[in-house]
Amino acid sequence: MIKMSEYAKRRKELMQKIGSNGIVILPSAPEVFRNGDAVYAYRQNSDFYYLTGFEEPEAVLVLAPKRKEGEYILFNRIRDRDREIWDGPRVGQEGAVEDYLADQAFPFSELTLMLPDLLAGRESIHYPLGINREFDKILMHSVNKVRSKSRGGVHPPAAFVDITTSLHEMRLFKSSAEIASMQKAIDITEKAHVRAMQFCKPNCYEYELEAELMYEFQRNGARYPAYNPIVGAGRNTCILHYVNNNQKINEGDLILIDAGAEYQNYAADITRTFPASGHFTGEQRAIYELVLASQLAAIKSVKPGAVWTAAQSIIVKIITQGLIDLGILKGSLDGLIEKQAYFPFYMHRSGHWLGLDVHDVGRYRVETKWRTLQPGMVFTVEPGIYISADIPGVSKRWHNIGVRIEDNVLVTDKGHEVLSQKIPKTISEIEAVMA
């Protein structure tokens with residue numbers, strides 16, 4: 001559990017970044033209707049959560065450096081006994097101050113009345129402009145109110161600054177408490193992947209494996225997946241973001257499961273590929289070993305100072321050479337890499353940042369250069385080979401073999417740590433678990 005003192009430290013750091021004349025305005029995520037008057041399960045905006053730990057809708061965070069009455073203001077829903085009977089308890093204004101360390105808290109309904117005064121005299125507004133159109137209107141209305149008083153000596157803000165630039169750079173580096181939450185999400189995910197492997201048998205359906213994943217997530221305290229699980233069998237292993245999960249699994253199929261739990265809003269993102277029968281065929285084994293070799297080599301390259309693209313370069317080289325060795329590609333290694341001949345079989349990057357979002361925030365380039373790795377970064381390493389039946393010139397014996405292997409890796413002072421290392425990955429481990 002991340003302590004409220006850590007959220008306070010983040011807010012202080014952000015206010016130092018924006019300067020004493022700036023102001024941060026950040027709304028919570030809106031509720032989204034699924035159908036009629038039924039809403040989707042609520043999930044807080046990741047930036048808002050990162051700064052507050054607050055999980056209710058209809059809330060706005062204001063950070064006003066050097067404000068005498070208090071720098072951290074939270075507008076949130078009032079306690080309402082009638083609504084709480086229907087929807088459950090609310091934090092209210094007292095709870096916002098006592099439990100979430102707000103300097104001041106006001107009813108959400110007072111936001112439009114108070115916001116112009118909070119903006120007056122500030123040089124810049126730090127805000128994620130264009131993401132929440134309804135709130136954009138509220139903010140612009142407040143700015144125009146301040147402008148209308150300029151003849152009376154009221155100083156309106158002169159600039160909008162995208163808050164995500166500074167905030168997302170902070171989120172890129174994970175604290176020990178964040179890593180602990182991510183490790184918990186990964187440990188739950190480990191149990192789910194093993195359960196799916198052990199349950200799997202020919203003639204069951206993809207959605208049955210998805211049900212086993214979801215059962216294991218929830219029984220271990222992860223109420224929701226970090227993203228829609230991918231459970232693809234046979235030809236569906238070659239569809240990168242396949243989520244229909246409704247086809248029958250046949251005897252000779254491979255199954256690709258890309259699924260991760262979300263724990264305390266932090267994501268795991270793990271992919272494993274295994275045979276429906278419990279044993280890899282010769283062709284499946286050859287492709288699997290090739291993907292695994294590329295992944296192990298890419299992970300080995302992870303250390304402080306390494307360039308972000310190093311893992312991708314290693315993966316491309318190993319996969320291309322392997323496809324040559326198997327007779328799937330023909331030509332010289334350098335020539336095939338130069339013309340991206342591997343692309344029909346491996347068409348994505350080596351991985352992505354991981355954190356509060358499954359595709360977490362943070363720049364991959366700094367100015368014109370690829371970023372170098374630093375301790376505290378967490379990302380995925382996920383090479384794959386996908387041999388669709390419609391790729392011309394490939395022998396039928398390779399058709400519909402799709403393999404991806406994905407792990408979550410932390411950059412440490414001395415090198416790296418594979419947070420998901422306990423999840424079966426070698427052929428012998430997978431076949432043993434399925435037996």
# chains A, B, ... in the order shown; residues from 1 in each chain; ligands from 1

$ select_by_dssp --residues "range 137-209 of chain A" --states "alpha helix (DSSP H)" --output "PyMOL selection string"
chain A and resi 137-147+164-172+176-199+206-209

$ select_by_dssp --residues "range 39-213 of chain A" --states "strand (DSSP E)" --output "PyMOL selection string"
chain A and resi 39+60-63+72-76+104-107+124-126+159-161

$ atom_distance --atom1 "CA of Arg147 in chain A" --atom2 "CA of Met114 in chain A"
15.0 Å

$ closest_atom_pairs --of "range 398-420 of chain A" --to "range 301-310 of chain A" --cutoff "9 Å" --atoms "only C-alpha atoms" --output "CSV"
residue,atom,partner,partner_atom,distance
A:Val409,CA,A:Val302,CA,8.4
A:Leu410,CA,A:Val302,CA,8.8
A:Val411,CA,A:Lys303,CA,6.1
A:Thr412,CA,A:Lys303,CA,7.1
A:Asp413,CA,A:Pro304,CA,6.8
A:Lys414,CA,A:Lys303,CA,7.0
A:Gly415,CA,A:Lys303,CA,4.1
A:His416,CA,A:Lys303,CA,5.8

$ write_last_selection --atoms "N, CA and C atoms" --output "short mmCIF file (atom, residue, chain, number, x, y, z; two decimals), in the first residue's frame"
data_model
loop_
_atom_site.label_atom_id
_atom_site.label_comp_id
_atom_site.auth_asym_id
_atom_site.auth_seq_id
_atom_site.Cartn_x
_atom_site.Cartn_y
_atom_site.Cartn_z
N VAL A 409 10.29 -6.17 -16.62
CA VAL A 409 11.68 -6.03 -16.21
C VAL A 409 11.91 -4.67 -15.55
N LEU A 410 12.57 -4.70 -14.40
CA LEU A 410 12.94 -3.49 -13.66
C LEU A 410 14.42 -3.21 -13.87
N VAL A 411 14.75 -1.97 -14.18
CA VAL A 411 16.15 -1.56 -14.26
C VAL A 411 16.63 -1.26 -12.84
N THR A 412 17.72 -1.89 -12.43
CA THR A 412 18.28 -1.70 -11.09
C THR A 412 19.65 -1.01 -11.19
N ASP A 413 20.20 -0.67 -10.05
CA ASP A 413 21.53 -0.02 -10.03
C ASP A 413 22.59 -0.90 -10.68
N LYS A 414 22.47 -2.21 -10.47
CA LYS A 414 23.50 -3.13 -10.96
C LYS A 414 23.17 -3.77 -12.30
N GLY A 415 21.94 -3.62 -12.76
CA GLY A 415 21.56 -4.24 -14.03
C GLY A 415 20.05 -4.30 -14.19
N HIS A 416 19.47 -5.44 -13.90
CA HIS A 416 18.03 -5.58 -14.05
C HIS A 416 17.49 -6.70 -13.17
#

$ closest_atom_pairs --of "range 323-354 of chain A" --to "range 231-241 of chain A" --cutoff "10 Å" --atoms "only C-alpha atoms" --output "JSON lines"
{"residue": "A:Phe345", "atom": "CA", "partner": "A:Cys238", "partner_atom": "CA", "distance": 9.0}
{"residue": "A:Met347", "atom": "CA", "partner": "A:Leu240", "partner_atom": "CA", "distance": 9.4}
{"residue": "A:His348", "atom": "CA", "partner": "A:Leu240", "partner_atom": "CA", "distance": 9.1}

$ write_last_selection --atoms "N, CA and C atoms" --output "PDB file, in the first residue's frame"
ATOM      1  N   PHE A 345       6.716 -11.269 -40.035  1.00  0.00           N
ATOM      2  CA  PHE A 345       6.716 -12.251 -38.947  1.00  0.00           C
ATOM      3  C   PHE A 345       6.847 -11.602 -37.569  1.00  0.00           C
ATOM      4  N   MET A 347       6.349  -7.713 -36.230  1.00  0.00           N
ATOM      5  CA  MET A 347       5.988  -6.381 -36.713  1.00  0.00           C
ATOM      6  C   MET A 347       5.810  -5.339 -35.599  1.00  0.00           C
ATOM      7  N   HIS A 348       6.210  -5.666 -34.384  1.00  0.00           N
ATOM      8  CA  HIS A 348       6.058  -4.683 -33.306  1.00  0.00           C
ATOM      9  C   HIS A 348       7.400  -4.426 -32.636  1.00  0.00           C
TER      10      HIS A 348
END

$ residues_around --residues "Glu206 in chain A" --least-positions-apart "5" --cutoff "6 Å" --atoms "only C-alpha atoms" --output "list in words"
Val231, Asn245, Asn246 and Gln247 of chain A

$ write_last_selection --atoms "N, CA and C atoms" --output "compact mmCIF listing (two decimals), in the first residue's frame"
# COMPACT_ATOMS: atom_id res chain seq x y z
N VAL A 231 -6.68 -14.21 -25.44
CA VAL A 231 -6.59 -15.68 -25.38
C VAL A 231 -6.85 -16.19 -26.78
N ASN A 245 -11.87 -14.10 -28.10
CA ASN A 245 -11.74 -15.21 -27.14
C ASN A 245 -12.96 -16.14 -27.16
N ASN A 246 -13.42 -16.49 -28.36
CA ASN A 246 -14.66 -17.28 -28.44
C ASN A 246 -14.56 -18.53 -29.32
N GLN A 247 -13.33 -18.92 -29.69
CA GLN A 247 -13.17 -20.05 -30.59
C GLN A 247 -12.77 -21.33 -29.84

$ decode --residues "range 246-314 of chain A" --atoms "C-alpha atoms" --output "mmCIF file, in the first residue's frame"
data_model
loop_
_atom_site.group_PDB
_atom_site.id
_atom_site.type_symbol
_atom_site.label_atom_id
_atom_site.label_comp_id
_atom_site.auth_asym_id
_atom_site.auth_seq_id
_atom_site.Cartn_x
_atom_site.Cartn_y
_atom_site.Cartn_z
ATOM 1 C CA ASN A 246 -14.661 -17.279 -28.445
ATOM 2 C CA GLN A 247 -13.171 -20.049 -30.588
ATOM 3 C CA LYS A 248 -12.761 -23.757 -29.874
ATOM 4 C CA ILE A 249 -9.227 -24.939 -29.104
ATOM 5 C CA ASN A 250 -8.143 -27.839 -31.297
ATOM 6 C CA GLU A 251 -5.713 -30.681 -30.620
ATOM 7 C CA GLY A 252 -2.654 -29.292 -32.439
ATOM 8 C CA ASP A 253 -3.149 -25.635 -31.558
ATOM 9 C CA LEU A 254 -0.801 -23.324 -29.784
ATOM 10 C CA ILE A 255 -2.464 -20.947 -27.311
ATOM 11 C CA LEU A 256 -1.171 -17.430 -26.763
ATOM 12 C CA ILE A 257 -2.330 -15.723 -23.567
ATOM 13 C CA ASP A 258 -1.481 -12.068 -23.013
ATOM 14 C CA ALA A 259 -3.034 -11.120 -19.673
ATOM 15 C CA GLY A 260 -2.134 -9.147 -16.567
ATOM 16 C CA ALA A 261 -3.799 -8.310 -13.278
ATOM 17 C CA GLU A 262 -4.250 -4.786 -11.969
ATOM 18 C CA TYR A 263 -3.481 -4.349 -8.274
ATOM 19 C CA GLN A 264 -3.939 -1.011 -6.504
ATOM 20 C CA ASN A 265 -4.184 0.483 -10.013
ATOM 21 C CA TYR A 266 -0.760 -0.881 -11.057
ATOM 22 C CA ALA A 267 -0.517 -3.195 -14.040
ATOM 23 C CA ALA A 268 1.139 -6.493 -14.859
ATOM 24 C CA ASP A 269 1.534 -7.417 -18.536
ATOM 25 C CA ILE A 270 2.595 -11.009 -19.195
ATOM 26 C CA THR A 271 2.421 -13.215 -22.289
ATOM 27 C CA ARG A 272 2.955 -16.946 -22.417
ATOM 28 C CA THR A 273 2.450 -19.380 -25.312
ATOM 29 C CA PHE A 274 1.819 -23.099 -24.821
ATOM 30 C CA PRO A 275 0.445 -26.137 -26.707
ATOM 31 C CA ALA A 276 -3.139 -27.303 -26.207
ATOM 32 C CA SER A 277 -2.012 -30.924 -26.048
ATOM 33 C CA GLY A 278 0.652 -30.244 -23.423
ATOM 34 C CA HIS A 279 3.508 -31.010 -25.835
ATOM 35 C CA PHE A 280 5.081 -28.815 -28.528
ATOM 36 C CA THR A 281 5.340 -30.184 -32.056
ATOM 37 C CA GLY A 282 8.698 -29.937 -33.840
ATOM 38 C CA GLU A 283 7.748 -26.788 -35.741
ATOM 39 C CA GLN A 284 6.180 -25.159 -32.683
ATOM 40 C CA ARG A 285 9.262 -26.007 -30.642
ATOM 41 C CA ALA A 286 11.599 -24.483 -33.251
ATOM 42 C CA ILE A 287 9.738 -21.169 -33.361
ATOM 43 C CA TYR A 288 9.288 -21.073 -29.594
ATOM 44 C CA GLU A 289 12.995 -21.665 -28.906
ATOM 45 C CA LEU A 290 13.869 -18.911 -31.368
ATOM 46 C CA VAL A 291 11.582 -16.376 -29.688
ATOM 47 C CA LEU A 292 12.827 -17.405 -26.248
ATOM 48 C CA ALA A 293 16.479 -17.054 -27.290
ATOM 49 C CA SER A 294 15.811 -13.536 -28.582
ATOM 50 C CA GLN A 295 13.994 -12.572 -25.402
ATOM 51 C CA LEU A 296 16.686 -13.894 -23.053
ATOM 52 C CA ALA A 297 19.386 -12.062 -25.011
ATOM 53 C CA ALA A 298 17.353 -8.832 -25.023
ATOM 54 C CA ILE A 299 16.754 -9.020 -21.265
ATOM 55 C CA LYS A 300 20.459 -9.635 -20.680
ATOM 56 C CA SER A 301 21.202 -6.286 -22.349
ATOM 57 C CA VAL A 302 19.072 -4.324 -19.851
ATOM 58 C CA LYS A 303 21.214 -2.165 -17.554
ATOM 59 C CA PRO A 304 21.649 1.497 -16.652
ATOM 60 C CA GLY A 305 23.060 3.456 -19.577
ATOM 61 C CA ALA A 306 21.846 1.030 -22.234
ATOM 62 C CA VAL A 307 19.930 2.650 -25.086
ATOM 63 C CA TRP A 308 16.198 1.928 -25.266
ATOM 64 C CA THR A 309 16.543 0.474 -28.785
ATOM 65 C CA ALA A 310 19.275 -2.027 -27.827
ATOM 66 C CA ALA A 311 16.770 -4.771 -26.991
ATOM 67 C CA GLN A 312 14.951 -4.325 -30.295
ATOM 68 C CA SER A 313 18.183 -4.548 -32.289
ATOM 69 C CA ILE A 314 19.131 -7.786 -30.522
#
